[in-house]
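First the structure, in the form of C-alpha coordinates, and then the observations on it.
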There are 2 protein chains.
Amino acid sequence: MESDLVIRALGALAQEHRLAAFRLLVQAGPGGLAAGALAEALAVPPSSMSFHLAQLTNAGLITQRRQSRSIIYAADYTAMGDLMGYLTENCCNGAACVADTVSTLPLASSCAQADV
Amino acid sequence: MESDLVIRALGALAQEHRLAAFRLLVQAGPGGLAAGALAEALAVPPSSMSFHLAQLTNAGLITQRRQSRSIIYAADYTAMGDLMGYLTENCCNGAACVADTVSTLPLASSCAQADV
DNA sequence: TTGATATTTTCATATTTATCGAATTATTGG
DNA sequence: CCAATAATTCGATAAATATGAAAATATCAA
(Lines give C-alpha, C1' and ligand atoms only; values in the text may rest on other atoms or scores of the structure.)
Protein backbone atom coordinates (compact mmCIF):
# COMPACT_ATOMS: atom_id res chain seq x y z
CA MET A 1 0.00 0.00 0.00
CA GLU A 2 1.49 3.33 -1.05
CA SER A 3 1.72 6.10 1.51
CA ASP A 4 -0.49 8.43 -0.52
CA LEU A 5 -3.39 6.00 -0.28
CA VAL A 6 -2.58 5.39 3.38
CA ILE A 7 -2.83 9.11 4.05
CA ARG A 8 -6.16 9.31 2.25
CA ALA A 9 -7.47 6.33 4.22
CA LEU A 10 -6.33 7.78 7.55
CA GLY A 11 -7.81 11.15 6.64
CA ALA A 12 -11.06 9.50 5.64
CA LEU A 13 -11.39 7.85 9.05
CA ALA A 14 -10.27 10.95 10.95
CA GLN A 15 -13.72 12.49 11.08
CA GLU A 16 -16.54 11.88 13.52
CA HIS A 17 -19.30 11.06 11.04
CA ARG A 18 -17.08 9.07 8.71
CA LEU A 19 -15.58 6.96 11.48
CA ALA A 20 -19.09 6.28 12.77
CA ALA A 21 -20.35 5.42 9.27
CA PHE A 22 -17.44 3.10 8.63
CA ARG A 23 -18.00 1.33 11.94
CA LEU A 24 -21.65 0.78 11.06
CA LEU A 25 -20.66 -0.60 7.66
CA VAL A 26 -18.10 -2.94 9.24
CA GLN A 27 -20.80 -4.22 11.57
CA ALA A 28 -23.30 -4.50 8.75
CA GLY A 29 -21.09 -6.91 6.84
CA PRO A 30 -20.96 -7.53 3.08
CA GLY A 31 -24.66 -6.74 2.76
CA GLY A 32 -23.88 -3.12 3.53
CA LEU A 33 -26.27 -0.26 4.21
CA ALA A 34 -28.06 2.29 2.06
CA ALA A 35 -26.89 5.91 2.06
CA GLY A 36 -30.23 6.99 3.48
CA ALA A 37 -30.06 4.47 6.30
CA LEU A 38 -26.63 5.77 7.27
CA ALA A 39 -27.76 9.39 7.11
CA GLU A 40 -30.70 8.62 9.35
CA ALA A 41 -28.67 6.54 11.79
CA LEU A 42 -26.13 9.32 12.17
CA ALA A 43 -28.64 12.18 12.03
CA VAL A 44 -26.74 13.85 9.21
CA PRO A 45 -28.37 15.61 6.22
CA PRO A 46 -28.34 13.54 2.99
CA SER A 47 -26.01 15.90 1.17
CA SER A 48 -23.51 15.84 4.01
CA MET A 49 -23.69 12.06 4.24
CA SER A 50 -23.08 11.84 0.53
CA PHE A 51 -20.01 14.04 0.89
CA HIS A 52 -18.55 11.83 3.60
CA LEU A 53 -19.34 8.60 1.78
CA ALA A 54 -17.53 9.99 -1.26
CA GLN A 55 -14.44 10.58 0.88
CA LEU A 56 -14.49 7.02 2.19
CA THR A 57 -15.03 5.71 -1.33
CA ASN A 58 -12.18 7.81 -2.70
CA ALA A 59 -9.93 6.38 0.00
CA GLY A 60 -10.91 2.91 -1.14
CA LEU A 61 -12.34 1.96 2.25
CA ILE A 62 -15.88 1.32 1.06
CA THR A 63 -17.58 0.23 -2.13
CA GLN A 64 -20.91 1.23 -3.58
CA ARG A 65 -23.51 -0.54 -5.67
CA ARG A 66 -26.94 0.50 -6.80
CA GLN A 67 -29.90 -1.58 -5.73
CA SER A 68 -33.10 -0.20 -7.11
CA ARG A 69 -33.42 3.38 -5.97
CA SER A 70 -30.93 2.98 -3.17
CA ILE A 71 -27.17 3.03 -3.27
CA ILE A 72 -25.73 0.47 -0.94
CA TYR A 73 -22.35 1.03 0.67
CA ALA A 74 -20.24 -1.74 2.12
CA ALA A 75 -16.93 -1.83 3.98
CA ASP A 76 -13.95 -3.08 1.98
CA TYR A 77 -12.28 -5.39 4.47
CA THR A 78 -9.30 -5.94 2.23
CA ALA A 79 -8.54 -2.22 2.04
CA MET A 80 -8.83 -1.94 5.82
CA GLY A 81 -6.57 -4.95 6.16
CA ASP A 82 -4.01 -3.33 3.88
CA LEU A 83 -4.14 -0.18 6.00
CA MET A 84 -3.62 -2.23 9.15
CA GLY A 85 -0.75 -3.99 7.44
CA TYR A 86 0.92 -0.72 6.53
CA LEU A 87 0.57 0.62 10.06
CA THR A 88 1.86 -2.61 11.53
CA GLU A 89 4.90 -2.64 9.28
CA ASN A 90 5.73 1.06 9.32
CA CYS A 91 4.35 2.53 12.51
CA CYS A 92 4.69 -0.34 14.97
CA ASN A 93 8.22 -1.35 15.69
CA GLY A 94 8.24 -4.84 14.25
CA ALA A 95 4.62 -5.47 15.21
CA ALA A 96 5.23 -4.66 18.87
CA CYS A 97 2.08 -2.51 18.84
CA VAL A 98 -0.05 -5.29 17.47
CA ALA A 99 1.30 -8.08 19.65
CA ASP A 100 -0.20 -6.57 22.79
CA THR A 101 -3.59 -6.29 21.19
CA VAL A 102 -3.54 -9.46 19.17
CA SER A 103 -2.47 -11.56 22.10
CA THR A 104 -5.76 -10.74 23.78
CA LEU A 105 -7.72 -11.92 20.76
CA PRO A 106 -8.36 -15.46 19.52
CA LEU A 107 -5.72 -15.24 16.79
CA ALA A 108 -3.63 -18.20 17.81
CA SER A 109 -4.36 -19.83 14.50
CA SER A 110 -3.03 -16.92 12.47
CA CYS A 111 0.17 -16.94 14.47
CA ALA A 112 0.60 -20.65 14.07
CA GLN A 113 0.69 -20.24 10.31
CA ALA A 114 2.99 -17.23 10.41
CA ASP A 115 5.74 -19.26 8.74
CA VAL A 116 3.90 -19.17 5.41
CA MET B 1 -9.48 4.52 23.76
CA GLU B 2 -12.25 7.04 23.19
CA SER B 3 -13.24 7.87 19.65
CA ASP B 4 -12.32 11.54 20.04
CA LEU B 5 -8.71 10.62 20.74
CA VAL B 6 -8.82 8.05 17.96
CA ILE B 7 -9.94 10.75 15.53
CA ARG B 8 -7.15 13.05 16.64
CA ALA B 9 -4.60 10.25 16.26
CA LEU B 10 -5.85 9.31 12.79
CA GLY B 11 -5.87 12.97 11.78
CA ALA B 12 -2.36 13.41 13.10
CA LEU B 13 -1.07 10.57 10.93
CA ALA B 14 -3.07 11.65 7.88
CA GLN B 15 -0.48 14.10 6.64
CA GLU B 16 2.59 13.48 4.55
CA HIS B 17 5.18 15.11 6.81
CA ARG B 18 3.65 13.86 10.03
CA LEU B 19 3.37 10.27 8.83
CA ALA B 20 6.99 10.41 7.67
CA ALA B 21 8.11 11.93 10.98
CA PHE B 22 6.24 9.32 12.99
CA ARG B 23 7.76 6.52 10.92
CA LEU B 24 11.24 7.90 11.59
CA LEU B 25 10.50 8.11 15.30
CA VAL B 26 9.20 4.54 15.36
CA GLN B 27 12.40 3.40 13.68
CA ALA B 28 14.52 5.52 16.00
CA GLY B 29 13.19 3.74 19.06
CA PRO B 30 12.92 5.06 22.64
CA GLY B 31 16.01 7.23 22.12
CA GLY B 32 13.99 9.40 19.79
CA LEU B 33 15.16 12.20 17.52
CA ALA B 34 15.64 15.94 17.92
CA ALA B 35 13.20 18.33 16.25
CA GLY B 36 16.01 19.73 14.14
CA ALA B 37 17.10 16.29 12.97
CA LEU B 38 13.53 15.54 11.86
CA ALA B 39 13.21 18.89 10.10
CA GLU B 40 16.43 18.29 8.24
CA ALA B 41 15.59 14.70 7.36
CA LEU B 42 12.23 15.74 5.94
CA ALA B 43 13.44 19.01 4.39
CA VAL B 44 10.77 20.99 6.21
CA PRO B 45 11.30 24.46 7.75
CA PRO B 46 11.75 24.40 11.56
CA SER B 47 8.52 26.27 12.24
CA SER B 48 6.51 23.86 10.11
CA MET B 49 8.15 20.86 11.72
CA SER B 50 7.32 22.30 15.12
CA PHE B 51 3.70 22.69 14.07
CA HIS B 52 3.45 19.09 12.95
CA LEU B 53 5.22 17.74 16.03
CA ALA B 54 2.72 19.64 18.15
CA GLN B 55 -0.12 17.90 16.34
CA LEU B 56 1.39 14.47 16.95
CA THR B 57 2.02 15.37 20.59
CA ASN B 58 -1.54 16.62 21.04
CA ALA B 59 -2.80 13.32 19.64
CA GLY B 60 -0.68 11.52 22.22
CA LEU B 61 1.33 9.63 19.61
CA ILE B 62 4.71 11.07 20.58
CA THR B 63 6.36 12.42 23.70
CA GLN B 64 8.89 15.18 24.08
CA ARG B 65 11.74 15.82 26.47
CA ARG B 66 14.38 18.48 26.54
CA GLN B 67 17.99 17.43 26.34
CA SER B 68 20.27 20.39 26.52
CA ARG B 69 19.34 22.77 23.72
CA SER B 70 17.48 20.12 21.77
CA ILE B 71 13.99 18.80 22.24
CA ILE B 72 13.86 15.11 21.66
CA TYR B 73 10.70 13.47 20.35
CA ALA B 74 9.97 9.78 20.68
CA ALA B 75 7.15 7.55 19.49
CA ASP B 76 4.69 6.42 22.14
CA TYR B 77 4.27 2.75 21.29
CA THR B 78 1.52 2.29 23.82
CA ALA B 79 -0.60 5.00 22.22
CA MET B 80 -0.05 3.50 18.80
CA GLY B 81 -0.95 0.09 20.20
CA ASP B 82 -4.15 1.51 21.65
CA LEU B 83 -5.02 2.99 18.26
CA MET B 84 -4.37 -0.35 16.58
CA GLY B 85 -6.51 -2.01 19.22
CA TYR B 86 -9.39 0.36 18.60
CA LEU B 87 -9.22 -0.15 14.85
CA THR B 88 -9.00 -3.91 15.26
CA GLU B 89 -12.01 -4.01 17.54
CA ASN B 90 -14.18 -1.44 15.81
CA CYS B 91 -13.16 -1.32 12.18
CA CYS B 92 -12.13 -4.90 11.48
CA ASN B 93 -14.85 -7.44 11.71
CA GLY B 94 -13.62 -9.49 14.66
CA ALA B 95 -9.94 -8.99 13.77
CA ALA B 96 -10.35 -10.44 10.29
CA CYS B 97 -8.43 -7.49 8.85
CA VAL B 98 -5.39 -8.14 11.00
CA ALA B 99 -5.25 -11.90 10.64
CA ASP B 100 -4.85 -11.76 6.86
CA THR B 101 -2.00 -9.29 7.04
CA VAL B 102 -0.18 -10.69 10.03
CA SER B 103 -0.11 -14.18 8.64
CA THR B 104 1.96 -12.95 5.69
CA LEU B 105 4.62 -11.33 7.85
CA PRO B 106 7.56 -12.89 9.71
CA LEU B 107 5.93 -12.38 13.06
CA ALA B 108 6.56 -15.80 14.46
CA SER B 109 8.79 -14.34 17.17
CA SER B 110 6.35 -11.68 18.30
CA CYS B 111 3.58 -14.25 18.40
CA ALA B 112 5.72 -16.70 20.33
CA GLN B 113 6.19 -14.18 23.11
CA ALA B 114 2.67 -12.89 22.95
CA ASP B 115 1.92 -14.60 26.25
CA VAL B 116 4.10 -12.11 28.14
C1' DT C 1 26.94 38.72 30.22
C1' DT C 2 27.46 37.87 25.39
C1' DG C 3 26.99 35.13 21.43
C1' DA C 4 25.66 31.00 19.20
C1' DT C 5 22.46 27.21 18.81
C1' DA C 6 17.85 24.81 18.99
C1' DT C 7 13.10 25.26 19.03
C1' DT C 8 8.78 27.37 19.49
C1' DT C 9 5.36 30.98 18.94
C1' DT C 10 3.31 34.58 16.34
C1' DC C 11 1.28 36.22 12.33
C1' DA C 12 -0.47 36.60 7.77
C1' DT C 13 -1.85 33.94 4.00
C1' DA C 14 -3.28 30.07 1.26
C1' DT C 15 -5.45 25.80 0.97
C1' DT C 16 -8.39 22.24 2.25
C1' DT C 17 -12.36 20.50 4.56
C1' DA C 18 -17.15 20.62 6.45
C1' DT C 19 -21.97 22.00 6.28
C1' DC C 20 -26.44 22.06 4.31
C1' DG C 21 -30.29 24.02 1.38
C1' DA C 22 -31.67 23.87 -3.30
C1' DA C 23 -31.43 21.99 -7.81
C1' DT C 24 -30.40 17.83 -10.53
C1' DT C 25 -30.10 12.91 -11.79
C1' DA C 26 -31.68 8.07 -11.54
C1' DT C 27 -35.19 4.51 -10.62
C1' DT C 28 -39.63 2.54 -9.96
C1' DG C 29 -44.73 1.96 -9.69
C1' DG C 30 -49.06 3.34 -11.49
C1' DC D 1 -45.50 9.88 -19.04
C1' DC D 2 -46.04 11.38 -14.25
C1' DA D 3 -45.43 11.50 -9.41
C1' DA D 4 -42.79 9.76 -5.64
C1' DT D 5 -38.53 8.17 -3.71
C1' DA D 6 -33.35 7.98 -3.11
C1' DA D 7 -28.99 10.06 -3.84
C1' DT D 8 -25.84 13.14 -5.68
C1' DT D 9 -24.04 17.54 -7.30
C1' DC D 10 -23.91 22.50 -7.00
C1' DG D 11 -23.00 26.67 -4.65
C1' DA D 12 -22.23 29.67 -0.99
C1' DT D 13 -20.26 29.99 3.52
C1' DA D 14 -17.86 28.76 7.60
C1' DA D 15 -14.22 26.51 9.90
C1' DA D 16 -10.05 24.02 10.32
C1' DT D 17 -5.29 23.11 8.56
C1' DA D 18 -0.86 24.05 6.35
C1' DT D 19 2.98 27.08 5.26
C1' DG D 20 7.01 29.70 6.26
C1' DA D 21 9.32 34.12 7.50
C1' DA D 22 10.26 36.80 11.52
C1' DA D 23 10.36 37.43 16.43
C1' DA D 24 10.57 35.38 20.98
C1' DT D 25 12.20 31.82 24.30
C1' DA D 26 15.48 28.53 26.35
C1' DT D 27 20.08 26.54 26.88
C1' DC D 28 24.87 26.43 27.04
C1' DA D 29 29.79 27.65 26.57
C1' DA D 30 33.19 31.01 27.00
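Naming scheme: A, B, ... for chains in displayed order of the C-alpha coordinates; residues 1 onward per chain; ligands 1 onward as shown.
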*Give the residues of chain B that lie within 12 Å of chain D; count only C-alpha atoms (C1' of nucleotides), and format the answer as an MDAnalysis selection string.*
chainID B and resid 11:12 14:18 44:52 55 66:71
_Pairing every C-alpha atom in order, fit chain B onto chain A and give me the RMSD in Å._
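RMSD over all C-alpha atoms: 1.8 Å.
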Can you write out as a tab-separated table which residues of chain C fall within 8 Å of chain B, alongside each residue's closest atom pair and its distance in Å to one decimal, counting only C-alpha atoms (C1' of nucleotides) and ordering rows by chain and ascending residue number?
```
residue	atom	partner	partner_atom	distance
C:DT5	C1'	B:Arg69	CA	7.3
C:DA6	C1'	B:Arg69	CA	5.4
C:DT7	C1'	B:Ile71	CA	7.3
C:DT8	C1'	B:Ser50	CA	6.9
```
*Can you tell me how far atom CA of Ile62 of chain A sits from atom CA of Ala74 of chain A, in Å to one decimal?*
5.4 Å
*Quick one: pull the distance between atom CA of Leu13 of chain A and atom CA of Leu10 of chain B, Å, one decimal.*
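Going from atom CA of Leu13 of chain A over to atom CA of Leu10 of chain B, I get 6.8 Å.
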*Residues of chain A in strand (DSSP E or B) according to DSSP, as a ChimeraX atom specification?*
/A:33-34,62-67,70-75
*From a DSSP calculation on the backbone, collect every residue of chain B in alpha helix (DSSP H) and output the set as a PyMOL selection string.*
chain B and resi 3-13+16-28+35-42+46-58+77-91+96-102+108-112
*Could you pull the residues within 10 Å of Ala41 of chain A, counting only C-alpha atoms (C1' of nucleotides), minus those fewer than 6 positions along the same chain, as number ranges by chain?*
A: 20-21, 24, 35
*Name the closest residue to Leu25 of chain B among the candidates B:Met80, B:Tyr86, B:Leu38, B:Ala9; distances are taken between atoms, counting only C-alpha atoms.*
B:Leu38
*Go through B:Ile7, B:Leu42, B:Ile72, B:Leu19 one by one, measure the shortest atom-to-atom distance of each to chain A using only C-alpha atoms, and give the residue with the smallest value.*
B:Ile7
*Figure out the distance between atom CA of Leu87 of chain B and atom CA of Tyr73 of chain A, please, to one decimal in Å.*
19.4 Å
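Using only C-alpha atoms, the shortest contact distance between Glu2 of chain B and any of B:Ala79, B:Cys97, B:Gly31, B:Ala39 is found at B:Ala79.
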*Closest to chain A among B:Arg65, B:Val26, B:Ala59, B:Glu40, using only C-alpha atoms?*
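Using only C-alpha atoms, chain A sits closest to B:Val26.
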*Nearest to chain B: which of A:Ala37, A:Arg23, A:Leu61, A:Pro30 is it, counting only C-alpha atoms?*
A:Arg23
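Nearest-residue note for chain B: choosing from A:Thr88, A:Gly81, A:Ala75, A:Thr63, the minimum distance belongs to A:Gly81, counting only C-alpha atoms.
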